[in-house]
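Next up, data.pdb (PDB, C-alpha atoms):
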```
ATOM      1  CA  MET A   1      17.327  -0.775  21.232
ATOM      2  CA  PRO A   2      17.639  -3.193  18.293
ATOM      3  CA  ASP A   3      14.495  -4.785  16.905
ATOM      4  CA  THR A   4      14.899  -8.460  17.838
ATOM      5  CA  GLU A   5      12.405  -9.704  15.253
ATOM      6  CA  LEU A   6      14.344  -7.969  12.490
ATOM      7  CA  LEU A   7      17.597  -9.344  13.916
ATOM      8  CA  THR A   8      16.076 -12.812  13.680
ATOM      9  CA  TRP A   9      15.375 -12.167  10.001
ATOM     10  CA  VAL A  10      18.956 -11.000   9.482
ATOM     11  CA  LYS A  11      19.943 -14.525  10.548
ATOM     12  CA  ASN A  12      17.127 -16.080   8.527
ATOM     13  CA  PHE A  13      18.125 -14.305   5.308
ATOM     14  CA  THR A  14      21.741 -15.344   5.920
ATOM     15  CA  GLN A  15      20.592 -18.957   6.243
ATOM     16  CA  LEU A  16      18.431 -18.733   3.116
ATOM     17  CA  GLN A  17      21.369 -17.310   1.147
ATOM     18  CA  ALA A  18      23.595 -20.127   2.393
ATOM     19  CA  GLU A  19      21.051 -22.701   1.210
ATOM     20  CA  LEU A  20      21.024 -21.062  -2.216
ATOM     21  CA  ASP A  21      24.831 -21.388  -2.314
ATOM     22  CA  ASN A  22      24.693 -24.989  -1.068
ATOM     23  CA  TYR A  23      21.948 -26.261  -3.367
ATOM     24  CA  GLU A  24      24.171 -28.804  -5.104
ATOM     25  CA  ALA A  25      25.430 -30.212  -1.778
ATOM     26  CA  THR A  26      21.875 -30.477  -0.445
ATOM     27  CA  LEU A  27      20.808 -32.167  -3.672
ATOM     28  CA  ALA A  28      23.678 -34.652  -3.377
ATOM     29  CA  ASP A  29      22.676 -35.449   0.217
ATOM     30  CA  ILE A  30      19.052 -35.978  -0.743
ATOM     31  CA  THR A  31      19.987 -38.047  -3.786
ATOM     32  CA  THR A  32      21.686 -40.576  -1.503
ATOM     33  CA  ILE A  33      18.287 -41.085   0.161
ATOM     34  CA  ASP A  34      16.072 -40.623  -2.898
ATOM     35  CA  GLY A  35      17.877 -41.468  -6.131
ATOM     36  CA  ALA A  36      15.146 -39.829  -8.202
ATOM     37  CA  ALA A  37      15.845 -36.437  -6.590
ATOM     38  CA  ALA A  38      18.573 -35.730  -9.136
ATOM     39  CA  SER A  39      16.026 -35.967 -11.955
ATOM     40  CA  ARG A  40      14.029 -33.178 -10.298
ATOM     41  CA  ALA A  41      17.009 -30.808 -10.090
ATOM     42  CA  GLY A  42      16.303 -27.266 -11.167
ATOM     43  CA  GLY A  43      14.674 -24.014 -10.198
ATOM     44  CA  GLY A  44      11.534 -25.614  -8.787
ATOM     45  CA  GLN A  45      13.519 -27.897  -6.550
ATOM     46  CA  LEU A  46      15.678 -24.963  -5.425
ATOM     47  CA  VAL A  47      12.480 -23.182  -4.379
ATOM     48  CA  ALA A  48      11.317 -26.333  -2.586
ATOM     49  CA  PHE A  49      14.576 -26.403  -0.620
ATOM     50  CA  GLN A  50      14.134 -22.689   0.200
ATOM     51  CA  LEU A  51      10.582 -23.351   1.316
ATOM     52  CA  ALA A  52      11.745 -26.189   3.564
ATOM     53  CA  GLN A  53      14.181 -23.764   5.194
ATOM     54  CA  MET A  54      11.697 -20.901   5.386
ATOM     55  CA  LEU A  55       8.603 -22.613   6.793
ATOM     56  CA  PRO A  56       9.952 -22.874  10.353
ATOM     57  CA  MET A  57      11.145 -19.258  10.075
ATOM     58  CA  PHE A  58       7.764 -18.096   8.803
ATOM     59  CA  ALA A  59       5.716 -20.036  11.381
ATOM     60  CA  PRO A  60       5.931 -17.360  14.121
ATOM     61  CA  ILE A  61       4.745 -14.756  11.611
ATOM     62  CA  MET A  62       1.820 -16.949  10.604
ATOM     63  CA  GLN A  63       0.853 -17.389  14.257
ATOM     64  CA  ALA A  64       0.883 -13.655  14.921
ATOM     65  CA  HIS A  65      -0.383 -12.572  11.476
ATOM     66  CA  PRO A  66      -2.487 -15.397   9.977
ATOM     67  CA  ASN A  67      -2.633 -13.731   6.537
ATOM     68  CA  PRO A  68       0.613 -11.766   6.351
ATOM     69  CA  THR A  69       0.343 -10.999   2.640
ATOM     70  CA  ASP A  70      -3.262  -9.809   2.872
ATOM     71  CA  GLY A  71      -4.096  -6.208   3.534
ATOM     72  CA  ASP A  72      -1.736  -3.277   3.604
ATOM     73  CA  LEU A  73       1.855  -4.454   3.935
ATOM     74  CA  GLU A  74       2.935  -0.829   4.341
ATOM     75  CA  THR A  75       1.596  -0.974   7.893
ATOM     76  CA  ALA A  76       2.872  -4.464   8.727
ATOM     77  CA  PRO A  77       5.812  -4.831  11.109
ATOM     78  CA  GLY A  78       9.142  -4.613   9.275
ATOM     79  CA  HIS A  79      10.018  -8.278   9.663
ATOM     80  CA  VAL A  80       6.587  -9.329   8.359
ATOM     81  CA  LEU A  81       6.994  -7.110   5.298
ATOM     82  CA  LEU A  82      10.479  -8.420   4.482
ATOM     83  CA  ALA A  83       9.596 -12.077   5.048
ATOM     84  CA  SER A  84       6.368 -11.743   3.052
ATOM     85  CA  ARG A  85       8.224 -10.122   0.165
ATOM     86  CA  TYR A  86      10.643 -13.055   0.007
ATOM     87  CA  PHE A  87       7.876 -15.646   0.361
ATOM     88  CA  LEU A  88       5.910 -14.067  -2.488
ATOM     89  CA  GLU A  89       8.997 -13.999  -4.715
ATOM     90  CA  MET A  90       9.692 -17.679  -4.006
ATOM     91  CA  THR A  91       6.112 -18.433  -5.012
ATOM     92  CA  ALA A  92       6.451 -16.421  -8.232
ATOM     93  CA  VAL A  93       9.764 -18.084  -9.112
ATOM     94  CA  ALA A  94       8.155 -21.496  -8.630
ATOM     95  CA  GLY A  95       5.153 -20.525 -10.744
ATOM     96  CA  GLU A  96       7.330 -19.135 -13.518
ATOM     97  CA  ASP A  97       9.300 -22.399 -13.566
ATOM     98  CA  LEU A  98      12.618 -20.577 -13.853
ATOM     99  CA  ALA A  99      15.792 -22.420 -14.723
ATOM    100  CA  LEU A 100      18.107 -23.172 -11.808
ATOM    101  CA  ASN A 101      20.558 -20.313 -12.371
ATOM    102  CA  ASP A 102      17.792 -17.773 -12.976
ATOM    103  CA  ALA A 103      15.937 -18.873  -9.851
ATOM    104  CA  ARG A 104      19.116 -18.776  -7.758
ATOM    105  CA  THR A 105      20.123 -15.336  -9.069
ATOM    106  CA  THR A 106      16.663 -13.890  -8.462
ATOM    107  CA  LEU A 107      16.331 -15.240  -4.929
ATOM    108  CA  LYS A 108      19.933 -14.594  -3.924
ATOM    109  CA  SER A 109      19.770 -10.968  -5.021
ATOM    110  CA  LEU A 110      16.508 -10.411  -3.170
ATOM    111  CA  ALA A 111      17.681 -12.245  -0.028
ATOM    112  CA  ALA A 112      20.844 -10.113   0.090
ATOM    113  CA  ARG A 113      18.851  -6.909  -0.353
ATOM    114  CA  LEU A 114      16.291  -7.858   2.318
ATOM    115  CA  HIS A 115      19.106  -8.966   4.649
ATOM    116  CA  ASP A 116      20.766  -5.561   4.331
ATOM    117  CA  MET A 117      17.470  -3.795   4.991
ATOM    118  CA  ALA A 118      16.836  -5.948   8.055
ATOM    119  CA  VAL A 119      20.300  -5.020   9.370
ATOM    120  CA  ARG A 120      19.633  -1.304   8.897
ATOM    121  CA  TRP A 121      16.061  -1.416  10.145
ATOM    122  CA  SER A 122      16.963  -3.421  13.245
ATOM    123  CA  ALA A 123      19.477  -0.754  14.251
ATOM    124  CA  SER A 124      17.697   2.460  13.305
ATOM    125  CA  GLY A 125      14.050   1.654  12.649
ATOM    126  CA  VAL A 126      12.120   0.943   9.495
ATOM    127  CA  ASP A 127      12.873   3.430   6.731
ATOM    128  CA  PRO A 128       9.513   4.711   5.430
ATOM    129  CA  GLU A 129      10.732   5.107   1.844
ATOM    130  CA  GLU A 130      12.228   1.613   1.716
ATOM    131  CA  ARG A 131       9.076   0.242   3.357
ATOM    132  CA  ALA A 132       6.936   1.796   0.623
ATOM    133  CA  VAL A 133       9.166   0.342  -2.117
ATOM    134  CA  ILE A 134       9.154  -3.163  -0.612
ATOM    135  CA  ALA A 135       5.391  -3.031  -0.004
ATOM    136  CA  LYS A 136       4.817  -2.005  -3.637
ATOM    137  CA  GLU A 137       7.132  -4.775  -4.846
ATOM    138  CA  ALA A 138       5.221  -7.270  -2.706
ATOM    139  CA  GLN A 139       1.937  -6.058  -4.167
ATOM    140  CA  VAL A 140       3.252  -6.384  -7.736
ATOM    141  CA  THR A 141       4.648  -9.842  -6.967
ATOM    142  CA  ALA A 142       1.336 -10.920  -5.431
ATOM    143  CA  GLU A 143      -0.388  -9.883  -8.655
ATOM    144  CA  ARG A 144       2.187 -11.906 -10.647
ATOM    145  CA  VAL A 145       1.464 -14.936  -8.478
ATOM    146  CA  LYS A 146      -2.280 -14.491  -8.897
ATOM    147  CA  LYS A 147      -1.948 -14.310 -12.692
ATOM    148  CA  LEU A 148       0.319 -17.353 -12.728
ATOM    149  CA  ALA A 149      -2.196 -19.307 -10.651
ATOM    150  CA  GLU A 150      -5.062 -18.276 -12.908
ATOM    151  CA  ALA A 151      -3.101 -19.283 -16.022
ATOM    152  CA  LYS A 152      -2.202 -22.678 -14.554
ATOM    153  CA  ALA A 153      -5.832 -23.261 -13.508
ATOM    154  CA  LYS A 154      -6.996 -22.993 -17.132
TER     155      LYS A 154
END
```

Show the structure stored in the file as structure tokens.
Amino acid sequence: MPDTELLTWVKNFTQLQAELDNYEATLADITTIDGAAASRAGGGQLVAFQLAQMLPMFAPIMQAHPNPTDGDLETAPGHVLLASRYFLEMTAVAGEDLALNDARTTLKSLAARLHDMAVRWSASGVDPEERAVIAKEAQVTAERVKKLAEAKAK
């Protein structure tokens, strides 16, 4: 029986990838409402648009797992691990203030990879080796975010 939570994240990662592809159109729409939006164009704004898409997706995870990136992600449900990995990368990209194309490439590549994992995992269960790799990546990314926050606090 397919894992419905992972299937939901298959759709979510598809939607996040589409938003990455449609950044310029979204920016044009927003600029008609807020003319200053165009002056904020770039990697940070791309992340903000991703965050606006992801928050409603992430809300059910936050309700069930109030601190999804705390603790051992290797034991978290598959969808929590994948979503947390993407959320942490978005945070790191924002903190690193990447240029638009670098931010888009980084997030698009990760979203595609996590999408493909969610497809496989929803059909045949979470692969323990892939889980370990993603959990380690999440841990490394969390450390990056922590260092970025500490540097910006100085």

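Coordinates place CA of Ser122 (chain A) at a distance of 18.9 Å from CA of Gln17 (chain A).
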
Mind checking which residues fall within 8 Å of Phe13 (chain A), counting only C-alpha atoms, ignoring those fewer than 6 positions away in the same chain, and posting them as a ChimeraX atom specification?
/A:111-112,114-115

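Counting all atoms listed in the file, the residue from A:His79, A:Arg104, A:Arg85, A:Lys147 that sits nearest to Ala118 (chain A) is A:His79.
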
Which residues are near Leu20 (chain A)? Cut-off 8 Å, only C-alpha atoms, ignore same chain within fewer than 2 positions. Put them as an mmCIF file with C-alpha atoms, keeping the file's coordinate frame.
```
data_model
loop_
_atom_site.group_PDB
_atom_site.id
_atom_site.type_symbol
_atom_site.label_atom_id
_atom_site.label_comp_id
_atom_site.auth_asym_id
_atom_site.auth_seq_id
_atom_site.Cartn_x
_atom_site.Cartn_y
_atom_site.Cartn_z
ATOM 1 C CA LEU A 16 18.431 -18.733 3.116
ATOM 2 C CA GLN A 17 21.369 -17.310 1.147
ATOM 3 C CA ALA A 18 23.595 -20.127 2.393
ATOM 4 C CA ASN A 22 24.693 -24.989 -1.068
ATOM 5 C CA TYR A 23 21.948 -26.261 -3.367
ATOM 6 C CA LEU A 46 15.678 -24.963 -5.425
ATOM 7 C CA GLN A 50 14.134 -22.689 0.200
ATOM 8 C CA ARG A 104 19.116 -18.776 -7.758
ATOM 9 C CA LEU A 107 16.331 -15.240 -4.929
ATOM 10 C CA LYS A 108 19.933 -14.594 -3.924
#
```

Just want the 12 Å neighbourhood of region 134-141 of chain A, counted on all atoms listed in the file, with same-chain residues fewer than 4 positions away dropped. Output as a PyMOL selection string.
chain A and resi 68-93+95-96+110+113-114+117-118+126-130+145-148

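Going from CA of Leu98 (chain A) to CA of Glu24 (chain A) covers 16.7 Å.
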
Matched chain/residue IDs from the PyMOL selection byres ((chain A and resi 42) around 10), as a PDB file with C-alpha atoms, in the coordinates of the input:
```
ATOM      1  CA  TYR A  23      21.948 -26.261  -3.367  1.00  0.00           C
ATOM      2  CA  ALA A  38      18.573 -35.730  -9.136  1.00  0.00           C
ATOM      3  CA  SER A  39      16.026 -35.967 -11.955  1.00  0.00           C
ATOM      4  CA  ARG A  40      14.029 -33.178 -10.298  1.00  0.00           C
ATOM      5  CA  ALA A  41      17.009 -30.808 -10.090  1.00  0.00           C
ATOM      6  CA  GLY A  43      14.674 -24.014 -10.198  1.00  0.00           C
ATOM      7  CA  GLY A  44      11.534 -25.614  -8.787  1.00  0.00           C
ATOM      8  CA  GLN A  45      13.519 -27.897  -6.550  1.00  0.00           C
ATOM      9  CA  LEU A  46      15.678 -24.963  -5.425  1.00  0.00           C
ATOM     10  CA  VAL A  47      12.480 -23.182  -4.379  1.00  0.00           C
ATOM     11  CA  ALA A  48      11.317 -26.333  -2.586  1.00  0.00           C
ATOM     12  CA  ASP A  97       9.300 -22.399 -13.566  1.00  0.00           C
ATOM     13  CA  LEU A  98      12.618 -20.577 -13.853  1.00  0.00           C
ATOM     14  CA  ALA A  99      15.792 -22.420 -14.723  1.00  0.00           C
ATOM     15  CA  LEU A 100      18.107 -23.172 -11.808  1.00  0.00           C
ATOM     16  CA  ASN A 101      20.558 -20.313 -12.371  1.00  0.00           C
ATOM     17  CA  ASP A 102      17.792 -17.773 -12.976  1.00  0.00           C
ATOM     18  CA  ALA A 103      15.937 -18.873  -9.851  1.00  0.00           C
ATOM     19  CA  ARG A 104      19.116 -18.776  -7.758  1.00  0.00           C
TER      20      ARG A 104
END
```

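Among the candidate residues A:Met57, A:Ala132, A:Ala123, A:Ala94, the one lying nearest to Lys152 (chain A) is A:Ala94, with distances computed using all atoms listed in the file.
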
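CA of Thr31 (chain A) to CA of Leu55 (chain A) spans 21.9 Å [interatomic distance, one decimal].
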
Draw an axis-aligned box tight on the listed atoms of region 130-148 of chain A, then pad every side by 6 Å and write out centre and edge lengths in Å to one decimal as JSON.
```
{"center_x": 5.0, "center_y": -7.8, "center_z": -4.7, "size_x": 26.5, "size_y": 31.1, "size_z": 28.1}
```

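Between Asp21 (chain A) and the candidates A:Ser124, A:Gln53, A:Thr105, A:Thr8, the tightest atom-to-atom separation, counting only C-alpha atoms, involves A:Thr105.
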
In file coordinates, which residues lie within 10 Å of (17.1, -4.6, 18.6) using all atoms listed in the file, given as a PyMOL selection string?
chain A and resi 1-8+119+121-125

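The residue that comes closest to Pro60 (chain A), out of A:Ser109, A:Leu27, A:Trp9, A:Arg120 and on the basis of all atoms listed in the file, is A:Trp9.
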